[in-house]
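K.L.:
Structure file model_28.cif (mmCIF, C-alpha atoms and all ligand atoms) right here:
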data_entry
loop_
_atom_site.label_atom_id
_atom_site.label_comp_id
_atom_site.auth_asym_id
_atom_site.auth_seq_id
_atom_site.Cartn_x
_atom_site.Cartn_y
_atom_site.Cartn_z
CA MET Y 7 44.81 -12.93 -14.88
CA VAL Y 8 41.88 -13.60 -17.23
CA HIS Y 9 40.49 -17.06 -16.46
CA SER Y 10 39.05 -19.58 -18.91
CA VAL Y 11 36.86 -22.02 -16.95
CA GLN Y 12 34.00 -24.49 -17.32
CA GLY Y 13 30.49 -23.34 -16.44
CA VAL Y 14 26.84 -24.27 -16.93
CA ILE Y 15 24.75 -22.00 -19.13
CA ALA Y 16 21.13 -21.80 -20.31
CA ARG Y 17 21.06 -20.63 -23.94
CA SER Y 18 17.34 -20.34 -24.60
CA ALA Y 19 14.01 -20.77 -22.81
CA GLY Y 20 13.28 -24.40 -22.03
CA ALA Y 21 16.42 -25.82 -23.68
CA PRO Y 22 18.56 -28.14 -21.56
CA VAL Y 23 21.51 -26.48 -19.85
CA GLU Y 24 24.98 -27.07 -21.29
CA LEU Y 25 28.61 -26.95 -20.22
CA ALA Y 26 30.55 -24.12 -21.86
CA THR Y 27 33.88 -22.35 -21.56
CA VAL Y 28 33.40 -19.14 -19.61
CA ILE Y 29 35.87 -16.26 -19.75
CA VAL Y 30 36.22 -14.54 -16.37
CA PRO Y 31 37.92 -11.12 -16.57
CA ASN Y 32 40.42 -9.72 -14.08
CA PRO Y 33 38.62 -8.20 -11.12
CA GLY Y 34 38.14 -4.48 -11.66
CA PRO Y 35 37.71 -1.86 -8.90
CA GLY Y 36 35.46 -3.23 -6.15
CA GLU Y 37 35.30 -6.69 -7.72
CA ALA Y 38 36.57 -10.15 -6.74
CA VAL Y 39 37.17 -13.48 -8.44
CA VAL Y 40 36.03 -16.40 -6.29
CA ARG Y 41 36.96 -20.05 -6.79
CA ILE Y 42 33.66 -21.91 -6.29
CA GLN Y 43 33.77 -25.00 -4.09
CA ALA Y 44 30.04 -25.81 -3.87
CA CYS Y 45 26.81 -24.47 -5.35
CA GLY Y 46 23.28 -25.67 -4.59
CA VAL Y 47 20.61 -26.12 -7.26
CA CYS Y 48 17.73 -23.76 -6.47
CA HIS Y 49 14.28 -23.71 -8.06
CA THR Y 50 15.09 -20.18 -9.21
CA ASP Y 51 17.77 -21.62 -11.55
CA LEU Y 52 15.01 -23.64 -13.17
CA HIS Y 53 12.83 -20.51 -13.39
CA TYR Y 54 15.72 -18.82 -15.25
CA ARG Y 55 16.15 -21.74 -17.62
CA GLU Y 56 12.43 -21.66 -18.41
CA GLY Y 57 12.57 -17.94 -19.22
CA GLY Y 58 10.35 -17.17 -16.23
CA ILE Y 59 12.60 -14.48 -14.74
CA SER Y 60 13.97 -12.56 -17.72
CA GLN Y 61 14.77 -13.07 -21.38
CA ASP Y 62 18.45 -12.05 -21.09
CA PHE Y 63 19.82 -15.36 -22.38
CA PRO Y 64 22.41 -16.86 -22.19
CA PHE Y 65 22.41 -17.17 -18.41
CA LEU Y 66 25.29 -18.43 -16.31
CA LEU Y 67 23.26 -20.39 -13.76
CA GLY Y 68 23.93 -21.11 -10.07
CA HIS Y 69 23.78 -18.65 -7.19
CA GLU Y 70 23.83 -20.60 -3.90
CA ALA Y 71 27.54 -20.95 -3.40
CA ALA Y 72 30.58 -20.95 -1.16
CA GLY Y 73 34.22 -20.71 -2.16
CA ILE Y 74 37.59 -19.09 -1.71
CA VAL Y 75 38.46 -15.55 -2.76
CA GLU Y 76 41.18 -15.81 -5.37
CA GLU Y 77 41.80 -12.26 -6.55
CA ILE Y 78 40.54 -8.83 -5.57
CA GLY Y 79 40.33 -5.61 -7.55
CA ALA Y 80 41.47 -2.12 -6.63
CA GLY Y 81 39.95 -0.60 -3.53
CA VAL Y 82 38.71 -3.88 -2.01
CA THR Y 83 39.46 -3.90 1.71
CA ASP Y 84 36.87 -6.13 3.41
CA ILE Y 85 38.08 -9.41 1.90
CA GLN Y 86 41.39 -10.79 0.72
CA PRO Y 87 42.63 -13.77 -1.29
CA GLY Y 88 42.25 -16.97 0.72
CA ASP Y 89 39.11 -15.87 2.58
CA TYR Y 90 36.32 -18.45 2.81
CA VAL Y 91 33.07 -16.81 1.72
CA VAL Y 92 29.41 -17.42 0.98
CA LEU Y 93 28.20 -15.45 -2.05
CA ASN Y 94 25.17 -13.23 -1.57
CA TRP Y 95 22.84 -11.38 -3.93
CA ARG Y 96 22.38 -8.48 -1.55
CA ALA Y 97 25.61 -6.43 -1.57
CA VAL Y 98 24.10 -3.35 0.03
CA CYS Y 99 24.91 0.08 -1.39
CA GLY Y 100 24.70 2.15 1.80
CA GLN Y 101 23.29 5.09 -0.14
CA CYS Y 102 19.81 4.30 -1.47
CA ARG Y 103 16.66 5.50 0.26
CA ALA Y 104 16.30 2.16 2.13
CA CYS Y 105 19.92 2.07 3.32
CA LEU Y 106 19.82 5.71 4.39
CA ARG Y 107 16.78 5.01 6.55
CA GLY Y 108 18.58 2.20 8.35
CA ARG Y 109 16.96 -0.65 6.40
CA PRO Y 110 19.87 -2.07 4.43
CA HIS Y 111 18.15 -5.48 4.20
CA LEU Y 112 15.77 -3.78 1.77
CA CYS Y 113 18.56 -2.09 -0.27
CA PHE Y 114 17.15 -1.05 -3.66
CA ALA Y 115 20.51 -0.58 -5.40
CA THR Y 116 22.53 -3.68 -4.57
CA HIS Y 117 25.95 -4.09 -6.15
CA ASN Y 118 26.99 -6.65 -8.76
CA ALA Y 119 30.25 -6.90 -10.73
CA ALA Y 120 30.46 -4.09 -13.29
CA GLN Y 121 32.23 -6.27 -15.85
CA LYS Y 122 30.58 -9.16 -17.66
CA MET Y 123 31.80 -12.73 -17.90
CA HIS Y 124 31.43 -14.01 -21.47
CA LEU Y 125 31.65 -16.97 -23.82
CA GLU Y 126 34.71 -17.58 -25.99
CA ASP Y 127 33.01 -15.84 -28.95
CA GLY Y 128 32.50 -12.73 -26.82
CA THR Y 129 28.78 -13.26 -26.09
CA PRO Y 130 28.16 -11.66 -22.65
CA LEU Y 131 26.60 -13.88 -19.99
CA SER Y 132 23.84 -12.86 -17.59
CA PRO Y 133 24.77 -14.33 -14.20
CA ALA Y 134 21.79 -15.74 -12.28
CA LEU Y 135 20.87 -13.29 -9.51
CA GLY Y 136 24.03 -11.35 -10.33
CA ILE Y 137 26.20 -14.29 -9.23
CA GLY Y 138 26.54 -17.20 -11.70
CA ALA Y 139 28.22 -19.96 -9.69
CA PHE Y 140 27.83 -23.25 -11.58
CA VAL Y 141 31.36 -22.47 -12.74
CA GLU Y 142 34.89 -23.07 -11.48
CA LYS Y 143 35.51 -19.36 -10.88
CA THR Y 144 33.15 -16.42 -10.93
CA LEU Y 145 33.38 -12.64 -10.91
CA VAL Y 146 31.31 -10.77 -8.32
CA HIS Y 147 31.26 -7.47 -6.49
CA ALA Y 148 33.37 -7.75 -3.35
CA GLY Y 149 30.28 -6.90 -1.27
CA GLN Y 150 28.73 -10.14 -2.53
CA CYS Y 151 31.33 -12.10 -0.55
CA THR Y 152 30.41 -12.74 3.10
CA LYS Y 153 33.09 -14.32 5.28
CA VAL Y 154 31.96 -17.26 7.42
CA SER Y 155 33.65 -19.86 9.63
CA PRO Y 156 35.65 -22.38 7.58
CA LEU Y 157 34.48 -25.08 10.01
CA ALA Y 158 31.28 -25.36 7.96
CA THR Y 159 31.83 -27.30 4.73
CA PRO Y 160 31.20 -25.49 1.41
CA ALA Y 161 28.16 -27.67 0.60
CA VAL Y 162 26.54 -26.59 3.86
CA ALA Y 163 27.66 -22.95 4.01
CA GLY Y 164 26.68 -22.25 0.39
CA LEU Y 165 23.05 -23.07 1.16
CA LEU Y 166 22.73 -19.76 2.98
CA GLY Y 167 23.43 -17.98 -0.30
CA CYS Y 168 19.81 -18.32 -1.41
CA GLY Y 169 17.02 -20.80 -0.74
CA VAL Y 170 17.75 -21.82 2.83
CA MET Y 171 18.36 -18.19 3.85
CA ALA Y 172 15.14 -17.19 2.07
CA GLY Y 173 13.17 -19.77 4.04
CA LEU Y 174 14.82 -19.15 7.42
CA GLY Y 175 14.43 -15.41 6.95
CA ALA Y 176 10.82 -15.67 5.76
CA ALA Y 177 10.03 -17.04 9.22
CA ILE Y 178 12.50 -15.19 11.45
CA ASN Y 179 12.83 -11.82 9.72
CA THR Y 180 9.76 -11.22 7.53
CA GLY Y 181 7.22 -13.22 9.54
CA SER Y 182 8.75 -12.23 12.91
CA VAL Y 183 7.87 -15.69 14.23
CA THR Y 184 8.39 -15.76 17.96
CA ARG Y 185 8.00 -18.00 21.02
CA GLY Y 186 4.56 -19.56 21.27
CA ASP Y 187 3.45 -18.75 17.71
CA SER Y 188 1.58 -21.13 15.48
CA VAL Y 189 2.98 -21.28 11.94
CA ALA Y 190 1.88 -23.04 8.76
CA VAL Y 191 4.27 -23.51 5.84
CA ILE Y 192 2.84 -24.38 2.41
CA GLY Y 193 5.41 -26.15 0.22
CA CYS Y 194 8.23 -28.04 1.94
CA GLY Y 195 11.07 -27.98 -0.59
CA GLY Y 196 14.39 -26.41 0.38
CA VAL Y 197 12.78 -23.03 1.04
CA GLY Y 198 9.75 -24.32 2.96
CA ALA Y 199 11.79 -26.78 5.04
CA ALA Y 200 14.06 -23.88 5.99
CA ALA Y 201 11.00 -21.83 6.99
CA ILE Y 202 10.03 -24.73 9.27
CA ALA Y 203 13.55 -24.91 10.74
CA GLY Y 204 13.49 -21.12 11.26
CA SER Y 205 10.09 -21.25 12.96
CA SER Y 206 11.31 -23.99 15.24
CA LEU Y 207 14.49 -22.05 16.07
CA ALA Y 208 12.40 -18.96 16.85
CA GLY Y 209 10.25 -20.88 19.34
CA ALA Y 210 7.02 -21.57 17.45
CA THR Y 211 5.12 -24.23 19.38
CA ARG Y 212 2.86 -25.43 16.56
CA ILE Y 213 4.23 -25.82 13.06
CA VAL Y 214 1.97 -27.20 10.33
CA ALA Y 215 3.75 -28.41 7.18
CA VAL Y 216 1.72 -28.61 3.94
CA ASP Y 217 2.88 -30.34 0.77
CA ILE Y 218 1.51 -32.58 -1.99
CA ASP Y 219 4.29 -35.11 -1.47
CA ASP Y 220 4.41 -37.34 1.63
CA ARG Y 221 8.21 -37.61 1.39
CA LYS Y 222 8.48 -33.85 1.90
CA LEU Y 223 6.11 -34.02 4.84
CA HIS Y 224 8.28 -36.69 6.41
CA ILE Y 225 11.36 -34.47 6.03
CA ALA Y 226 9.39 -31.50 7.35
CA ARG Y 227 8.91 -33.34 10.65
CA GLU Y 228 12.68 -33.75 10.94
CA PHE Y 229 13.01 -29.96 10.68
CA GLY Y 230 10.47 -29.34 13.44
CA ALA Y 231 6.97 -29.64 11.95
CA THR Y 232 4.51 -30.75 14.62
CA HIS Y 233 1.63 -31.43 12.20
CA THR Y 234 1.45 -32.28 8.49
CA VAL Y 235 -1.18 -31.88 5.77
CA ASN Y 236 -1.13 -33.57 2.37
CA ALA Y 237 -2.75 -30.93 0.13
CA LYS Y 238 -3.80 -33.59 -2.36
CA GLU Y 239 -5.85 -35.42 0.23
CA CYS Y 240 -7.24 -32.73 2.53
CA ASP Y 241 -8.69 -29.25 2.45
CA VAL Y 242 -5.65 -27.14 3.36
CA VAL Y 243 -7.47 -24.24 5.00
CA GLU Y 244 -9.77 -26.45 7.06
CA SER Y 245 -6.89 -28.69 8.13
CA ILE Y 246 -4.69 -25.81 9.28
CA ARG Y 247 -7.62 -24.33 11.21
CA GLU Y 248 -8.35 -27.68 12.88
CA MET Y 249 -4.71 -27.97 13.91
CA THR Y 250 -4.68 -24.46 15.40
CA ASN Y 251 -7.66 -24.65 17.77
CA GLY Y 252 -10.06 -23.73 14.97
CA PHE Y 253 -8.61 -20.25 14.45
CA GLY Y 254 -5.83 -20.47 11.88
CA ALA Y 255 -2.09 -19.92 12.28
CA ASP Y 256 -0.46 -16.72 13.48
CA VAL Y 257 1.90 -16.80 10.51
CA VAL Y 258 1.36 -18.66 7.21
CA ILE Y 259 4.30 -18.89 4.84
CA ASP Y 260 3.66 -19.63 1.15
CA ALA Y 261 6.83 -21.28 -0.15
CA VAL Y 262 5.23 -22.34 -3.43
CA GLY Y 263 4.00 -19.02 -4.81
CA THR Y 264 0.83 -19.71 -6.81
CA PRO Y 265 -2.59 -18.02 -6.62
CA GLN Y 266 -3.96 -21.24 -5.12
CA THR Y 267 -1.38 -21.58 -2.34
CA TRP Y 268 -1.38 -17.85 -1.56
CA THR Y 269 -5.18 -17.85 -1.23
CA GLN Y 270 -4.92 -20.85 1.08
CA ALA Y 271 -2.36 -18.94 3.14
CA PHE Y 272 -4.64 -15.91 3.23
CA TYR Y 273 -7.58 -17.86 4.67
CA ALA Y 274 -5.58 -20.25 6.86
CA ARG Y 275 -4.24 -17.55 9.17
CA ASP Y 276 -5.87 -16.30 12.34
CA LEU Y 277 -7.43 -12.85 12.48
CA ALA Y 278 -4.67 -10.22 12.50
CA GLY Y 279 -2.23 -12.90 11.39
CA THR Y 280 0.55 -12.59 8.85
CA VAL Y 281 0.95 -14.06 5.38
CA VAL Y 282 4.48 -14.28 4.01
CA LEU Y 283 4.93 -14.94 0.29
CA VAL Y 284 8.41 -16.33 -0.36
CA GLY Y 285 7.69 -18.61 -3.36
CA VAL Y 286 8.10 -16.73 -6.65
CA PRO Y 287 4.95 -16.52 -8.83
CA MET Y 288 5.01 -16.72 -12.63
CA PRO Y 289 4.36 -13.46 -14.52
CA ASP Y 290 0.85 -14.36 -15.75
CA GLN Y 291 -0.58 -15.32 -12.36
CA ARG Y 292 -3.39 -13.29 -10.76
CA ILE Y 293 -5.51 -13.39 -7.59
CA ASP Y 294 -9.07 -12.25 -7.07
CA LEU Y 295 -10.25 -11.70 -3.48
CA PRO Y 296 -13.17 -9.91 -1.82
CA LEU Y 297 -11.60 -6.65 -0.63
CA LEU Y 298 -13.79 -6.89 2.47
CA ASP Y 299 -11.96 -10.10 3.44
CA VAL Y 300 -8.63 -8.29 3.13
CA PHE Y 301 -9.94 -5.59 5.44
CA GLY Y 302 -11.99 -7.77 7.74
CA ARG Y 303 -9.26 -10.30 8.51
CA GLY Y 304 -6.73 -7.59 9.37
CA GLY Y 305 -3.09 -8.44 9.91
CA SER Y 306 -0.39 -8.12 7.32
CA LEU Y 307 0.32 -9.50 3.88
CA LYS Y 308 4.05 -9.51 3.22
CA SER Y 309 6.51 -10.61 0.57
CA SER Y 310 9.91 -11.88 1.55
CA TRP Y 311 12.80 -11.13 -0.78
CA TYR Y 312 15.74 -13.29 0.24
CA GLY Y 313 14.25 -13.70 3.68
CA ASP Y 314 14.82 -9.98 4.36
CA CYS Y 315 18.33 -11.02 5.24
CA LEU Y 316 21.35 -8.86 5.79
CA PRO Y 317 24.15 -11.19 4.75
CA SER Y 318 26.82 -9.63 6.99
CA ARG Y 319 24.54 -10.05 10.01
CA ASP Y 320 22.78 -13.32 9.19
CA PHE Y 321 25.24 -15.64 7.42
CA PRO Y 322 27.94 -15.81 10.14
CA MET Y 323 25.26 -16.00 12.86
CA LEU Y 324 23.43 -18.91 11.18
CA ILE Y 325 26.70 -20.75 10.55
CA ASP Y 326 27.52 -20.35 14.25
CA LEU Y 327 24.12 -21.80 15.20
CA TYR Y 328 24.78 -24.69 12.84
CA LEU Y 329 28.20 -25.35 14.37
CA GLN Y 330 26.60 -25.32 17.83
CA GLY Y 331 24.16 -28.02 16.70
CA ARG Y 332 21.12 -25.74 16.88
CA LEU Y 333 20.32 -25.53 13.14
CA PRO Y 334 20.59 -28.72 11.03
CA LEU Y 335 21.85 -27.08 7.83
CA ASP Y 336 23.55 -30.28 6.70
CA ARG Y 337 20.19 -32.05 6.44
CA PHE Y 338 19.24 -29.92 3.45
CA VAL Y 339 21.92 -31.56 1.33
CA THR Y 340 20.24 -34.59 -0.28
CA GLU Y 341 23.05 -35.32 -2.73
CA GLU Y 342 26.38 -33.98 -3.92
CA ILE Y 343 26.76 -33.94 -7.71
CA ALA Y 344 29.18 -32.85 -10.44
CA LEU Y 345 28.86 -29.84 -12.72
CA ASP Y 346 27.58 -31.93 -15.62
CA SER Y 347 24.58 -33.32 -13.67
CA ILE Y 348 22.47 -30.18 -13.29
CA GLU Y 349 19.76 -31.26 -15.78
CA ASP Y 350 19.36 -34.45 -13.71
CA ALA Y 351 19.14 -32.34 -10.58
CA PHE Y 352 16.36 -30.25 -12.17
CA SER Y 353 14.47 -33.47 -13.01
CA LYS Y 354 14.88 -34.72 -9.45
CA MET Y 355 13.72 -31.36 -8.10
CA HIS Y 356 10.70 -31.52 -10.38
CA ALA Y 357 9.94 -35.07 -9.25
CA GLY Y 358 10.31 -34.00 -5.60
CA ASP Y 359 13.19 -36.43 -5.02
CA VAL Y 360 15.54 -33.89 -3.42
CA LEU Y 361 15.62 -31.04 -0.96
CA ARG Y 362 18.90 -29.74 -2.33
CA SER Y 363 21.32 -31.18 -4.88
CA VAL Y 364 24.65 -29.47 -4.34
CA VAL Y 365 27.28 -29.25 -7.06
CA LEU Y 366 30.79 -29.83 -5.69
CA LEU Y 367 33.71 -28.44 -7.67
CA PRO Y 368 37.16 -29.99 -7.38
N1 LIG Y 401 11.78 -15.07 -2.17
C1 LIG Y 401 13.04 -15.45 -2.35
O1 LIG Y 401 13.96 -14.69 -2.09
C2 LIG Y 401 13.32 -16.84 -2.87
C3 LIG Y 401 14.61 -17.38 -2.80
C4 LIG Y 401 14.82 -18.70 -3.27
C5 LIG Y 401 13.77 -19.42 -3.83
N2 LIG Y 401 12.53 -18.83 -3.90
C6 LIG Y 401 11.36 -19.52 -4.47
O2 LIG Y 401 10.79 -20.38 -3.48
C7 LIG Y 401 10.03 -21.39 -4.14
C8 LIG Y 401 10.39 -22.76 -3.56
O3 LIG Y 401 11.74 -23.05 -3.89
P1 LIG Y 401 12.36 -24.49 -3.54
O4 LIG Y 401 13.77 -24.43 -3.95
O5 LIG Y 401 11.98 -24.86 -2.14
O6 LIG Y 401 11.53 -25.41 -4.56
P2 LIG Y 401 11.20 -26.96 -4.50
O7 LIG Y 401 10.74 -27.34 -5.87
O8 LIG Y 401 12.32 -27.70 -3.85
O9 LIG Y 401 9.96 -27.06 -3.47
C9 LIG Y 401 8.63 -26.77 -3.80
C10 LIG Y 401 7.74 -27.66 -2.90
O10 LIG Y 401 6.37 -27.24 -3.04
C11 LIG Y 401 5.57 -28.40 -3.12
N3 LIG Y 401 4.32 -28.03 -3.77
C12 LIG Y 401 4.08 -27.81 -5.09
N4 LIG Y 401 2.79 -27.47 -5.30
C13 LIG Y 401 2.21 -27.47 -4.08
C14 LIG Y 401 0.88 -27.19 -3.63
N5 LIG Y 401 -0.09 -26.84 -4.48
N6 LIG Y 401 0.63 -27.27 -2.31
C15 LIG Y 401 1.61 -27.63 -1.43
N7 LIG Y 401 2.88 -27.90 -1.80
C16 LIG Y 401 3.17 -27.82 -3.11
C17 LIG Y 401 6.41 -29.41 -3.86
O11 LIG Y 401 5.97 -30.73 -3.63
C18 LIG Y 401 7.80 -29.14 -3.27
O12 LIG Y 401 8.05 -29.92 -2.12
C19 LIG Y 401 10.33 -21.24 -5.64
O13 LIG Y 401 9.27 -20.49 -6.23
C20 LIG Y 401 11.62 -20.43 -5.65
O14 LIG Y 401 11.79 -19.71 -6.85
C21 LIG Y 401 12.29 -17.58 -3.42
ZN ZN Y 402 21.03 0.56 -0.60
ZN ZN Y 403 17.89 -19.34 -5.30
#
If you convert what's in this file into structure tokens, what do you get?
P.N.:
Amino acid sequence: MVHSVQGVIARSAGAPVELATVIVPNPGPGEAVVRIQACGVCHTDLHYREGGISQDFPFLLGHEAAGIVEEIGAGVTDIQPGDYVVLNWRAVCGQCRACLRGRPHLCFATHNAAQKMHLEDGTPLSPALGIGAFVEKTLVHAGQCTKVSPLATPAVAGLLGCGVMAGLGAAINTGSVTRGDSVAVIGCGGVGAAAIAGSSLAGATRIVAVDIDDRKLHIAREFGATHTVNAKECDVVESIREMTNGFGADVVIDAVGTPQTWTQAFYARDLAGTVVLVGVPMPDQRIDLPLLDVFGRGGSLKSSWYGDCLPSRDFPMLIDLYLQGRLPLDRFVTEEIALDSIEDAFSKMHAGDVLRSVVLLP
């Protein structure tokens, strides 16, 4: 059945988002229609609205979601109607050069739905990160649906669909944080706080949280930060060094993604340490560094796409850890809001008032 549902779209760069009727086609081969129950508001949605990611307006925003599979297309065997799933933007292909070498978390040819959702006048929509989930029902590739335990509520489970997974994975997967490590995390929004939670889970013994907002630093402590630095009041590099016996942290995670924060990360790590860039820079940003410092400090400079996660491996495992009380996923949810409050949620995100606003759908 073709569905006509309400969704939140961004029509042009910088314009406020608006509610619109979205036409969701029948699932074709390999596709599924999912009834969305909850979808978090991620900074990347705001990047889309500002035209910072691509110019393919109009966008159907939202990509951090959980829901129930409603219909499946021909050839879909891994999921069936009624399954409780978290949507992912890494439906691995199994055939690209990364997958064939046993690195599916790097898949370079991930699947999305082949068909487009569209507006009533036929205008095709570009779904954010190939998902588009600020909508009652969405069309995705079946591989984008990862089954998890229904004991976790949709508001909590959906978080793993993007920002929280990106942060947890930046620490655990990309940064390979391990027992006894010192870690510094610059930027303690949803992504950075998750990087702190991931570092704590992995056994880091010193975790320095850096932000420009004391409220975020307070929350960071709840997720496991042992030290905090207000970047407006202190020299970030000096402070991190002081808090790590004068040497710098083993792993520094930049969850802001600007030349300034990345350069701080670069100099705030110990010799042979690791920098992980998980914040997404804007297209015009540049860095200028002495190449000798890059060589002389050794170590590795990494980027973390989606926390280098493999959804089929990581989502059910992290939900299990949450259900066992070992990962406080529920603490990321600052507020639950309705579909028509996303502009407000962007303002609150901008003002630093929230870790995650999560849209609940009836
Ligand atoms: N790599 C990925 O796969 C991936 C996935 C999701 C989100 N992201 C990106 O991660 C970034 C963070 O997302 P979020 O949802 O946590 O955003 P957010 O707005 O909730 O958090 C950003 C935090 O950084 C702080 N901050 C800003 N400037 C700072 C500075 N100079 N020094 C220290 N702290 C500073 C803010 O106070 C805020 O607490 C965004 O760029 C987002 O697009 C990346
Ligand atoms: Zn692949
Ligand atoms: Zn996101």
K.L.:
Which polymer residues have any atom within 10 Å of an atom of Trp311 (chain Y), counting all atoms listed in the file, with same-chain residues fewer than 3 positions away left out, as a PyMOL selection string?
P.N.:
chain Y and resi 96+111-112+172-173+175-176+180+283-286+308+314-315
K.L.:
Can you tell me, as a PyMOL selection string, what residues are no more than 7 Å from Arg185 (chain Y) when counting only C-alpha atoms, ignoring any on the same chain fewer than 5 positions away?
P.N.:
chain Y and resi 208-210
K.L.:
Mind checking which residues fall within 6 Å of Pro64 (chain Y), counting only C-alpha atoms, ignoring those fewer than 6 positions away in the same chain, and posting them as a PyMOL selection string?
P.N.:
chain Y and resi 16-17+131
K.L.:
Next, dump the selected residues to file, keeping only C-alpha atoms, as a CSV table (one decimal), keeping the file's coordinate frame.
P.N.:
chain,number,residue,atom,x,y,z
Y,16,ALA,CA,21.1,-21.8,-20.3
Y,17,ARG,CA,21.1,-20.6,-23.9
Y,131,LEU,CA,26.6,-13.9,-20.0
K.L.:
Could you build a table of the residues in chain Y lying no more than 10 Å from ligand ZN 402 (chain Y), giving for each the nearest pair of atoms and their separation in Å rounded to one decimal place, using all atoms listed in the file, ordered by chain and ascending residue number, as JSON lines?
P.N.:
{"residue": "Y:Arg96", "atom": "CA", "partner": "Y:ZN402", "partner_atom": "ZN", "distance": 9.2}
{"residue": "Y:Ala97", "atom": "CA", "partner": "Y:ZN402", "partner_atom": "ZN", "distance": 8.4}
{"residue": "Y:Val98", "atom": "CA", "partner": "Y:ZN402", "partner_atom": "ZN", "distance": 5.0}
{"residue": "Y:Cys99", "atom": "CA", "partner": "Y:ZN402", "partner_atom": "ZN", "distance": 4.0}
{"residue": "Y:Gly100", "atom": "CA", "partner": "Y:ZN402", "partner_atom": "ZN", "distance": 4.7}
{"residue": "Y:Gln101", "atom": "CA", "partner": "Y:ZN402", "partner_atom": "ZN", "distance": 5.1}
{"residue": "Y:Cys102", "atom": "CA", "partner": "Y:ZN402", "partner_atom": "ZN", "distance": 4.0}
{"residue": "Y:Arg103", "atom": "CA", "partner": "Y:ZN402", "partner_atom": "ZN", "distance": 6.7}
{"residue": "Y:Ala104", "atom": "CA", "partner": "Y:ZN402", "partner_atom": "ZN", "distance": 5.7}
{"residue": "Y:Cys105", "atom": "CA", "partner": "Y:ZN402", "partner_atom": "ZN", "distance": 4.3}
{"residue": "Y:Leu106", "atom": "CA", "partner": "Y:ZN402", "partner_atom": "ZN", "distance": 7.3}
{"residue": "Y:Arg107", "atom": "CA", "partner": "Y:ZN402", "partner_atom": "ZN", "distance": 9.4}
{"residue": "Y:Gly108", "atom": "CA", "partner": "Y:ZN402", "partner_atom": "ZN", "distance": 9.4}
{"residue": "Y:Arg109", "atom": "CA", "partner": "Y:ZN402", "partner_atom": "ZN", "distance": 8.2}
{"residue": "Y:Pro110", "atom": "CA", "partner": "Y:ZN402", "partner_atom": "ZN", "distance": 5.8}
{"residue": "Y:His111", "atom": "CA", "partner": "Y:ZN402", "partner_atom": "ZN", "distance": 8.2}
{"residue": "Y:Leu112", "atom": "CA", "partner": "Y:ZN402", "partner_atom": "ZN", "distance": 7.2}
{"residue": "Y:Cys113", "atom": "CA", "partner": "Y:ZN402", "partner_atom": "ZN", "distance": 3.6}
{"residue": "Y:Phe114", "atom": "CA", "partner": "Y:ZN402", "partner_atom": "ZN", "distance": 5.2}
{"residue": "Y:Ala115", "atom": "CA", "partner": "Y:ZN402", "partner_atom": "ZN", "distance": 5.0}
{"residue": "Y:Thr116", "atom": "CA", "partner": "Y:ZN402", "partner_atom": "ZN", "distance": 6.0}
{"residue": "Y:His117", "atom": "CA", "partner": "Y:ZN402", "partner_atom": "ZN", "distance": 8.8}
K.L.:
State, in Å with one decimal place, the distance from CA of Val183 (chain Y) to CA of Ser310 (chain Y).
P.N.:
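Between CA of Val183 (chain Y) and CA of Ser310 (chain Y) the gap is 13.4 Å.
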K.L.:
Can you tell me which residues sit at most 6 Å away from ligand LIG 401 (chain Y), counting all atoms listed in the file, written as a short mmCIF file (atom, residue, chain, number, x, y, z; two decimals) with C-alpha atoms, in the coordinates of the input?
P.N.:
data_model
loop_
_atom_site.label_atom_id
_atom_site.label_comp_id
_atom_site.auth_asym_id
_atom_site.auth_seq_id
_atom_site.Cartn_x
_atom_site.Cartn_y
_atom_site.Cartn_z
CA CYS Y 48 17.73 -23.76 -6.47
CA HIS Y 49 14.28 -23.71 -8.06
CA THR Y 50 15.09 -20.18 -9.21
CA CYS Y 168 19.81 -18.32 -1.41
CA GLY Y 169 17.02 -20.80 -0.74
CA ALA Y 172 15.14 -17.19 2.07
CA ILE Y 192 2.84 -24.38 2.41
CA GLY Y 193 5.41 -26.15 0.22
CA CYS Y 194 8.23 -28.04 1.94
CA GLY Y 195 11.07 -27.98 -0.59
CA GLY Y 196 14.39 -26.41 0.38
CA VAL Y 197 12.78 -23.03 1.04
CA GLY Y 198 9.75 -24.32 2.96
CA VAL Y 216 1.72 -28.61 3.94
CA ASP Y 217 2.88 -30.34 0.77
CA ILE Y 218 1.51 -32.58 -1.99
CA ASP Y 219 4.29 -35.11 -1.47
CA LYS Y 222 8.48 -33.85 1.90
CA ALA Y 237 -2.75 -30.93 0.13
CA ALA Y 261 6.83 -21.28 -0.15
CA VAL Y 262 5.23 -22.34 -3.43
CA GLY Y 263 4.00 -19.02 -4.81
CA THR Y 267 -1.38 -21.58 -2.34
CA VAL Y 284 8.41 -16.33 -0.36
CA GLY Y 285 7.69 -18.61 -3.36
CA VAL Y 286 8.10 -16.73 -6.65
CA SER Y 310 9.91 -11.88 1.55
CA TRP Y 311 12.80 -11.13 -0.78
CA TYR Y 312 15.74 -13.29 0.24
CA GLY Y 313 14.25 -13.70 3.68
CA MET Y 355 13.72 -31.36 -8.10
CA GLY Y 358 10.31 -34.00 -5.60
CA LEU Y 361 15.62 -31.04 -0.96
#
K.L.:
Of the residues Y:Val28, Y:Leu145, Y:Ala38, Y:Ile325, which is the one nearest to Gly81 (chain Y), using only C-alpha atoms?
P.N.:
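Closest candidate: Y:Ala38.
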K.L.:
Which one of Y:Val39, Y:Ala26, Y:Met171, Y:Val146 sits closest to ligand ZN 403 (chain Y) if you count only C-alpha atoms and all ligand atoms?
P.N.:
Y:Met171
